[in-house]
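Undergrad: Sharing a structure, written as structure tokens. Questions coming.
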Amino acid sequence: MRRGIRRDEGSRSVRGQSNVIAVVLLAGLVLAGATVVVVAGSTAIDQAQGESSFATAEQSMRSLGAEIDQVSQGERSASVRLDGLRSGDAKVERSAGKMTVTIVHKSSGKTSSHTVPLGRIQYQKDQQMLTYQGGGLFERTGNGSTVVSSPEVSYRPDSEGGTLTIPLVTVTGKSVDDKVTVERTGFEEILPKLDGNPDTSSDDSVNPLERGTELRVTVQSEVYQAWGSVFEQRIGTDVDYDPSTERVSFTLDGPPTRGPPITRAAFSPRGTGTHIGKFAGTTCYRPTGGSSCTAADVYLKSANDGFANCFTIEGDLVVERLPDSGSLYGSPGCGGAVIEGQSFFGERLSRSSAYEIKGDVTFEGYTNIRDRVELLEAGGGVHFKDDVRIDGKVKKMRGVTVDGSLYFDQGSSSNELKIGDGTVIKGDLVAHGRIKVSDTVEVHGEIYTTNRKITESGGGDGLVDETGNSKPSSEIHKSHPLSQVRGEMRRDLTHMITSDRPGRVDMSAKEPATGDPAPDLTGATLDCDADGTAETCRLGAGTYKLDHLILGHGDELELDTSGGSIKIYVEGGVEVPKNAHIQVLGNNPNQVEVYVEGQGAGSDTFHMYSGSGAGGKVTTPQDKASKFWVYMDPSDEVRLKQDTSFTGVIYGPGNAPDGDGVDIYLDKQSTVKGAVVGNFEKFTNLATVKYDATLQNKYALAAGGAARGQVAYLRTSARVVSVDS
């Protein structure tokens, strides 16, 4: 029993000691916890205060940036309180950062560059940093930099290349405190210091950028990653980063490659291999109606077999080289030949004989002939309804009527102008040389000649006035003032032979590897009539590659542009037989482009024909030719057989200014509504090119929608702003 009692007493003793220890431990824990709370709370408070301070500084930097932007656009100054910058270190660094704009001419490798210093305002507190530069606010981070507010960089794409706008703000000054003065101190034009053409003196002709150029913009800055983000997001372009030099750059191509505007009905860089046939010619129309048009112009490198019988050109006629054979001939029995616009006939390579213009031929506009020529009545009579200038030898001029004035100048006073019986000049006669008159010649106006002696021969009355009386000597003058001399053909017509020669189409650069999937496509084969019966196929917006584009008799191919433009690359040839129909759908700006390479195809690479039924045809909404473009390799051939009808543009120029283009055969009663660019091998009876006047503002190779990554116009300048406390 005692032992037990003693055990109880011992237990009470241990228990008493544990209570004391517990109290001591509890007190220690409470004290330690309080210490942790104090330390942690202090840290949290410091962190919160730091974040709040930096947020306040950021707001002040935003306000400062907004004030700088506002002042940079005007002429005033402003004072700004920046309470948020008190707790950190803020400074202006004039030499920090720069932007370089470079234009690269890809063919020559020549470049033109200009560099603009950016400067910066930098705020730093502990490890956090804000930078105002170039109109934007950026934050430095451990791994780089981010955008707080972006500079006003913008890019607007369009089919002509787009517009890039970079309005820079350059900052200068000495110091920044909680109160600063912002003042605009300068404005620097960047564009005049860039050269749009490295072969000329520097000027502001950089806009629009030339085709075949590229624009490169580079920014060197500690916050180059943030600048890169601006360019990626605002322009949508790929950006190159160089951490070793702290540079970021991007490159945009210049305006897209394109041919010249389609300003005339027919352009033949080699000329005509055969004559222009009876009742063939050009006319003009407007798809949407409205006023009439007279722009059915024809340009021919030459016209070796001449123009025969009755034809009408409702526009200008340019024959760059007069041929050694053939003639321009009109027959009164079928209405004669009429050129309603201006006419230009250039020099020949060989001058063995004079070029004949004879019969019933009417020139309604100003005419300039620059070689030896014979103008003969030949049953009708040549009629100039405006002025005519001849810079060459006139071998004969008989039965000619000039409603305006006749100017004759070969550059030599020994030259002789021979005018024959039946010629009537209702204006003045101005000749740099002698004048020889045979039979009766009527001149209503004054006569100017470097040799006042006029030789008269034959049995007629010689030189007479409008009343039939002999021309008085008082109206014959030796000197002819420049004001009385009509100059050579005005530039608005001669540019047709020099400035806008089209170039060869490079198809391979755009050709897809495979065709897009479509219900009527099997691999690269368009299958409209697998069972031999006439059917309808349809292709929607997209890019397609075909081995051949061959329709069966009665087939119809619908090209639906309601969802976008359509591009079709044809490795072989195109055939549109009798009763077959290619129909472009969708009255919208979207277009169809067909690129024909002609590999392995027959000689008729683009072939439309008829037979016992109606001829094949291509149609567009409202006969808009700009909806359908066919691009041909110059080694190929286009043949539109009898009774066929094509609406669109056939474009197949040569490789160089004098290069041969695609051979074009327009058989009798074939019709093109649009325009033709290529070599006329045939332009036979009743064949007609009806020029769509709305093509004057359309460019070859410019079909399709907006394209990113290209720029035509650069708008940039540097506004200099001083910031000082």
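Ordering of the structure tokens sets the chain letters (A, B, ...); residue numbers start at 1 within each chain; ligands are numbered from 1 in the order shown.
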Excluding Lys567 (chain A) and any residue of its chain fewer than 2 positions from it, enumerate the residues within 7 Å of it, using only C-alpha atoms, and give them as JSON, numbers by chain.

TA: {"A": [542, 543, 544, 565, 569, 592, 593, 594]}

Undergrad: Could the residues in this selection be saved with N, CA and C atoms as an mmCIF file, in the first residue's frame?

TA:
data_model
loop_
_atom_site.group_PDB
_atom_site.id
_atom_site.type_symbol
_atom_site.label_atom_id
_atom_site.label_comp_id
_atom_site.auth_asym_id
_atom_site.auth_seq_id
_atom_site.Cartn_x
_atom_site.Cartn_y
_atom_site.Cartn_z
ATOM 1 N N GLY A 542 -10.363 30.937 -104.181
ATOM 2 C CA GLY A 542 -9.228 30.086 -103.860
ATOM 3 C C GLY A 542 -8.209 30.089 -104.973
ATOM 4 N N THR A 543 -7.189 29.256 -104.821
ATOM 5 C CA THR A 543 -6.115 29.111 -105.798
ATOM 6 C C THR A 543 -6.081 27.666 -106.260
ATOM 7 N N TYR A 544 -6.064 27.463 -107.573
ATOM 8 C CA TYR A 544 -6.153 26.128 -108.143
ATOM 9 C C TYR A 544 -5.024 25.905 -109.151
ATOM 10 N N SER A 565 -11.383 36.408 -104.486
ATOM 11 C CA SER A 565 -10.785 36.265 -105.805
ATOM 12 C C SER A 565 -10.429 34.808 -106.093
ATOM 13 N N TYR A 569 -3.968 28.309 -112.103
ATOM 14 C CA TYR A 569 -2.717 28.099 -112.820
ATOM 15 C C TYR A 569 -2.870 26.865 -113.698
ATOM 16 N N VAL A 592 -10.904 37.198 -111.292
ATOM 17 C CA VAL A 592 -10.405 35.878 -111.671
ATOM 18 C C VAL A 592 -9.132 36.069 -112.481
ATOM 19 N N GLU A 593 -8.061 35.383 -112.071
ATOM 20 C CA GLU A 593 -6.807 35.399 -112.820
ATOM 21 C C GLU A 593 -6.519 33.985 -113.296
ATOM 22 N N VAL A 594 -6.252 33.842 -114.577
ATOM 23 C CA VAL A 594 -5.892 32.547 -115.149
ATOM 24 C C VAL A 594 -4.486 32.672 -115.730
#

Undergrad: Leaving out region 709-724 of chain A and any residue of its chain fewer than 6 positions from it, which residues lie within 8 Å of it when counting only C-alpha atoms, given as a ChimeraX atom specification?

TA: /A:68,71-73,92,116,157,160-176,180-191,207-210,215,237,251-256

Undergrad: If DSSP is run on the backbone, what residues of region 114-226 of chain A are strand (DSSP E)? A reply as a ChimeraX atom specification would be ideal.

TA: /A:114-117,120-125,128-133,136-141,144-149,154-156,163-172,179-189,213-220

Undergrad: Could you give me, as a PyMOL selection string, the residues within 9 Å of Val394 (chain A), counting only C-alpha atoms and dropping anything in the same chain fewer than 2 positions from it?

TA: chain A and resi 354+371-375+390-392+396-397+408+416-419

Undergrad: Using backbone DSSP assignments, extract all alpha helix (DSSP H) residues from region 134-365 of chain A; output them as a short mmCIF file (atom, residue, chain, number, x, y, z; two decimals) with all heavy atoms, in the first residue's frame.

TA:
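The result, written out as selection38.cif:
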data_model
loop_
_atom_site.label_atom_id
_atom_site.label_comp_id
_atom_site.auth_asym_id
_atom_site.auth_seq_id
_atom_site.Cartn_x
_atom_site.Cartn_y
_atom_site.Cartn_z
N TYR A 224 14.43 47.03 -76.75
CA TYR A 224 14.20 46.60 -78.13
C TYR A 224 13.14 45.50 -78.22
O TYR A 224 12.40 45.42 -79.21
CB TYR A 224 15.51 46.14 -78.77
CG TYR A 224 16.06 44.83 -78.24
CD1 TYR A 224 15.80 43.63 -78.90
CD2 TYR A 224 16.83 44.79 -77.08
CE1 TYR A 224 16.30 42.43 -78.42
CE2 TYR A 224 17.33 43.61 -76.59
CZ TYR A 224 17.06 42.42 -77.26
OH TYR A 224 17.55 41.23 -76.78
N GLN A 225 13.03 44.64 -77.17
CA GLN A 225 11.99 43.62 -77.22
C GLN A 225 10.60 44.24 -77.24
O GLN A 225 9.70 43.77 -77.95
CB GLN A 225 12.10 42.66 -76.02
CG GLN A 225 13.42 41.91 -75.94
CD GLN A 225 14.32 42.51 -74.89
OE1 GLN A 225 14.35 43.74 -74.72
NE2 GLN A 225 15.06 41.66 -74.17
N ALA A 226 10.42 45.29 -76.46
CA ALA A 226 9.11 45.97 -76.44
C ALA A 226 8.82 46.63 -77.78
O ALA A 226 7.69 46.58 -78.29
CB ALA A 226 9.07 47.00 -75.31
N TRP A 227 9.85 47.25 -78.39
CA TRP A 227 9.66 47.82 -79.73
C TRP A 227 9.26 46.72 -80.71
O TRP A 227 8.40 46.93 -81.59
CB TRP A 227 10.94 48.50 -80.20
CG TRP A 227 11.10 49.91 -79.74
CD1 TRP A 227 11.92 50.38 -78.76
CD2 TRP A 227 10.42 51.06 -80.27
NE1 TRP A 227 11.79 51.75 -78.63
CE2 TRP A 227 10.88 52.19 -79.55
CE3 TRP A 227 9.48 51.25 -81.27
CZ2 TRP A 227 10.42 53.48 -79.81
CZ3 TRP A 227 9.02 52.54 -81.53
CH2 TRP A 227 9.49 53.63 -80.80
N GLY A 228 9.88 45.57 -80.60
CA GLY A 228 9.51 44.46 -81.47
C GLY A 228 8.05 44.06 -81.31
O GLY A 228 7.36 43.76 -82.29
N SER A 229 7.56 44.06 -80.07
CA SER A 229 6.15 43.76 -79.83
C SER A 229 5.24 44.78 -80.50
O SER A 229 4.18 44.44 -81.05
CB SER A 229 5.87 43.73 -78.32
OG SER A 229 6.60 42.70 -77.69
N VAL A 230 5.65 46.05 -80.46
CA VAL A 230 4.87 47.11 -81.12
C VAL A 230 4.76 46.82 -82.61
O VAL A 230 3.67 46.88 -83.21
CB VAL A 230 5.52 48.49 -80.88
CG1 VAL A 230 4.85 49.55 -81.75
CG2 VAL A 230 5.41 48.87 -79.41
N PHE A 231 5.88 46.50 -83.25
CA PHE A 231 5.88 46.26 -84.69
C PHE A 231 5.07 45.01 -85.04
O PHE A 231 4.33 45.00 -86.03
CB PHE A 231 7.31 46.12 -85.20
CG PHE A 231 8.14 47.37 -85.04
CD1 PHE A 231 9.50 47.29 -84.78
CD2 PHE A 231 7.56 48.62 -85.14
CE1 PHE A 231 10.27 48.43 -84.63
CE2 PHE A 231 8.32 49.78 -84.98
CZ PHE A 231 9.68 49.68 -84.72
N GLU A 232 5.20 43.97 -84.23
CA GLU A 232 4.45 42.75 -84.50
C GLU A 232 2.94 42.98 -84.40
O GLU A 232 2.17 42.51 -85.24
CB GLU A 232 4.87 41.66 -83.52
CG GLU A 232 6.26 41.09 -83.79
CD GLU A 232 6.72 40.12 -82.73
OE1 GLU A 232 6.16 40.16 -81.60
OE2 GLU A 232 7.61 39.31 -83.01
N GLN A 233 2.53 43.71 -83.37
CA GLN A 233 1.10 43.89 -83.13
C GLN A 233 0.50 44.98 -84.00
O GLN A 233 -0.63 44.84 -84.48
CB GLN A 233 0.87 44.22 -81.65
CG GLN A 233 1.27 43.08 -80.71
CD GLN A 233 1.23 43.48 -79.25
OE1 GLN A 233 0.68 44.52 -78.90
NE2 GLN A 233 1.82 42.66 -78.40
N ARG A 234 1.23 46.06 -84.21
CA ARG A 234 0.68 47.20 -84.95
C ARG A 234 0.79 47.04 -86.47
O ARG A 234 -0.03 47.56 -87.21
CB ARG A 234 1.39 48.49 -84.54
CG ARG A 234 1.08 48.96 -83.12
CD ARG A 234 -0.30 49.58 -83.08
NE ARG A 234 -0.63 50.13 -81.79
CZ ARG A 234 -1.15 51.35 -81.62
NH1 ARG A 234 -1.35 52.13 -82.63
NH2 ARG A 234 -1.46 51.77 -80.40
N ILE A 235 1.82 46.32 -86.93
CA ILE A 235 2.05 46.17 -88.36
C ILE A 235 1.68 44.78 -88.84
O ILE A 235 1.27 44.58 -89.98
CB ILE A 235 3.52 46.51 -88.71
CG1 ILE A 235 3.86 47.93 -88.24
CG2 ILE A 235 3.78 46.36 -90.20
CD1 ILE A 235 5.31 48.30 -88.44
#

Undergrad: Just the number, please: distance in Å from CA of Gly598 (chain A) to CA of Ala266 (chain A), one decimal.

TA: 22.3 Å

Undergrad: Counting only C-alpha atoms, which residue out of A:Thr283, A:Ser725, A:Asp421, A:Glu152 sits closest to Ser79 (chain A)?

TA: A:Ser725

Undergrad: What's around Glu347 (chain A) at 7 Å? Count only C-alpha atoms, leave out sequence neighbours fewer than 6 positions away in its own chain, and write the answer as JSON, numbers by chain.

TA: {"A": [321, 322, 370, 371]}

Undergrad: Residues as selected, N, CA, C and O atoms, written as an mmCIF file, in the first residue's frame, can you do that?

TA:
data_model
loop_
_atom_site.group_PDB
_atom_site.id
_atom_site.type_symbol
_atom_site.label_atom_id
_atom_site.label_comp_id
_atom_site.auth_asym_id
_atom_site.auth_seq_id
_atom_site.Cartn_x
_atom_site.Cartn_y
_atom_site.Cartn_z
ATOM 1 N N ARG A 321 6.859 52.046 -135.858
ATOM 2 C CA ARG A 321 7.734 51.952 -137.011
ATOM 3 C C ARG A 321 6.893 51.750 -138.266
ATOM 4 O O ARG A 321 6.149 50.778 -138.357
ATOM 5 N N LEU A 322 7.044 52.639 -139.222
ATOM 6 C CA LEU A 322 6.364 52.441 -140.488
ATOM 7 C C LEU A 322 6.998 51.254 -141.200
ATOM 8 O O LEU A 322 8.223 51.155 -141.270
ATOM 9 N N ARG A 370 6.523 60.725 -139.177
ATOM 10 C CA ARG A 370 7.938 61.001 -139.010
ATOM 11 C C ARG A 370 8.813 60.226 -139.990
ATOM 12 O O ARG A 370 9.892 59.783 -139.634
ATOM 13 N N ASP A 371 8.355 60.077 -141.227
ATOM 14 C CA ASP A 371 9.179 59.413 -142.233
ATOM 15 C C ASP A 371 8.651 59.757 -143.619
ATOM 16 O O ASP A 371 7.675 60.503 -143.764
#

Undergrad: Which residue gives the smallest distance to Lys673 (chain A) among A:Ile454, A:Ile568, A:Ala265, A:Val596, with only C-alpha atoms counted?

TA: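 Closest residue, counting only C-alpha atoms: A:Ala265.
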
Undergrad: I'd like the neighbourhood of Glu571 (chain A) as a list in words, where a residue qualifies if any of its atoms comes within 6 Å (using only C-alpha atoms), though same-chain residues fewer than 4 positions away should be ignored.

TA: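 The residues that qualify are Asp547, Glu597, Gly598 and Gln599 of chain A.
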
Undergrad: Would you please work out which residue, of A:Tyr699, A:Tyr407, A:Phe363, A:Phe683, is nearest to Ala280 (chain A) when using only C-alpha atoms?

TA: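 Smallest separation from Ala280 (chain A) among the options: A:Phe683.
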
Undergrad: I want to know what sits within 7 Å of Asp520 (chain A), based on only C-alpha atoms, with residues of the same chain fewer than 3 positions away left out; could you give that as JSON, numbers by chain?

TA: {"A": [526, 527, 528, 537, 538]}

Undergrad: Restricting it to all heavy atoms, dump the selection as a PDB file, in the first residue's frame.

TA:
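The resulting part-v2.pdb:
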ATOM      1  N   LEU A 526      -9.994  19.141-114.062  1.00  0.00           N
ATOM      2  CA  LEU A 526     -11.353  19.662-113.943  1.00  0.00           C
ATOM      3  C   LEU A 526     -12.271  18.723-114.707  1.00  0.00           C
ATOM      4  O   LEU A 526     -12.111  18.526-115.911  1.00  0.00           O
ATOM      5  CB  LEU A 526     -11.427  21.075-114.511  1.00  0.00           C
ATOM      6  CG  LEU A 526     -12.799  21.744-114.462  1.00  0.00           C
ATOM      7  CD1 LEU A 526     -13.183  22.044-113.025  1.00  0.00           C
ATOM      8  CD2 LEU A 526     -12.797  23.028-115.284  1.00  0.00           C
ATOM      9  N   ASP A 527     -13.219  18.136-114.024  1.00  0.00           N
ATOM     10  CA  ASP A 527     -14.049  17.086-114.613  1.00  0.00           C
ATOM     11  C   ASP A 527     -15.491  17.555-114.681  1.00  0.00           C
ATOM     12  O   ASP A 527     -16.271  17.357-113.757  1.00  0.00           O
ATOM     13  CB  ASP A 527     -13.923  15.810-113.772  1.00  0.00           C
ATOM     14  CG  ASP A 527     -14.518  14.608-114.477  1.00  0.00           C
ATOM     15  OD1 ASP A 527     -14.870  14.755-115.656  1.00  0.00           O
ATOM     16  OD2 ASP A 527     -14.621  13.549-113.844  1.00  0.00           O
ATOM     17  N   CYS A 528     -15.842  18.188-115.815  1.00  0.00           N
ATOM     18  CA  CYS A 528     -17.214  18.667-115.979  1.00  0.00           C
ATOM     19  C   CYS A 528     -18.103  17.625-116.645  1.00  0.00           C
ATOM     20  O   CYS A 528     -19.284  17.537-116.358  1.00  0.00           O
ATOM     21  CB  CYS A 528     -17.241  19.950-116.815  1.00  0.00           C
ATOM     22  SG  CYS A 528     -16.679  21.408-115.915  1.00  0.00           S
ATOM     23  N   CYS A 537     -19.739  22.972-114.056  1.00  0.00           N
ATOM     24  CA  CYS A 537     -18.771  22.909-112.963  1.00  0.00           C
ATOM     25  C   CYS A 537     -18.752  24.259-112.262  1.00  0.00           C
ATOM     26  O   CYS A 537     -19.111  25.282-112.847  1.00  0.00           O
ATOM     27  CB  CYS A 537     -17.366  22.610-113.482  1.00  0.00           C
ATOM     28  SG  CYS A 537     -17.110  20.899-113.962  1.00  0.00           S
ATOM     29  N   ARG A 538     -18.288  24.238-111.023  1.00  0.00           N
ATOM     30  CA  ARG A 538     -18.207  25.498-110.280  1.00  0.00           C
ATOM     31  C   ARG A 538     -16.957  25.493-109.412  1.00  0.00           C
ATOM     32  O   ARG A 538     -16.659  24.512-108.738  1.00  0.00           O
ATOM     33  CB  ARG A 538     -19.439  25.718-109.412  1.00  0.00           C
ATOM     34  CG  ARG A 538     -19.351  26.975-108.539  1.00  0.00           C
ATOM     35  CD  ARG A 538     -20.629  27.176-107.731  1.00  0.00           C
ATOM     36  NE  ARG A 538     -21.732  27.581-108.571  1.00  0.00           N
ATOM     37  CZ  ARG A 538     -22.548  28.612-108.295  1.00  0.00           C
ATOM     38  NH1 ARG A 538     -22.360  29.335-107.209  1.00  0.00           N
ATOM     39  NH2 ARG A 538     -23.537  28.918-109.088  1.00  0.00           N
TER      40      ARG A 538
END
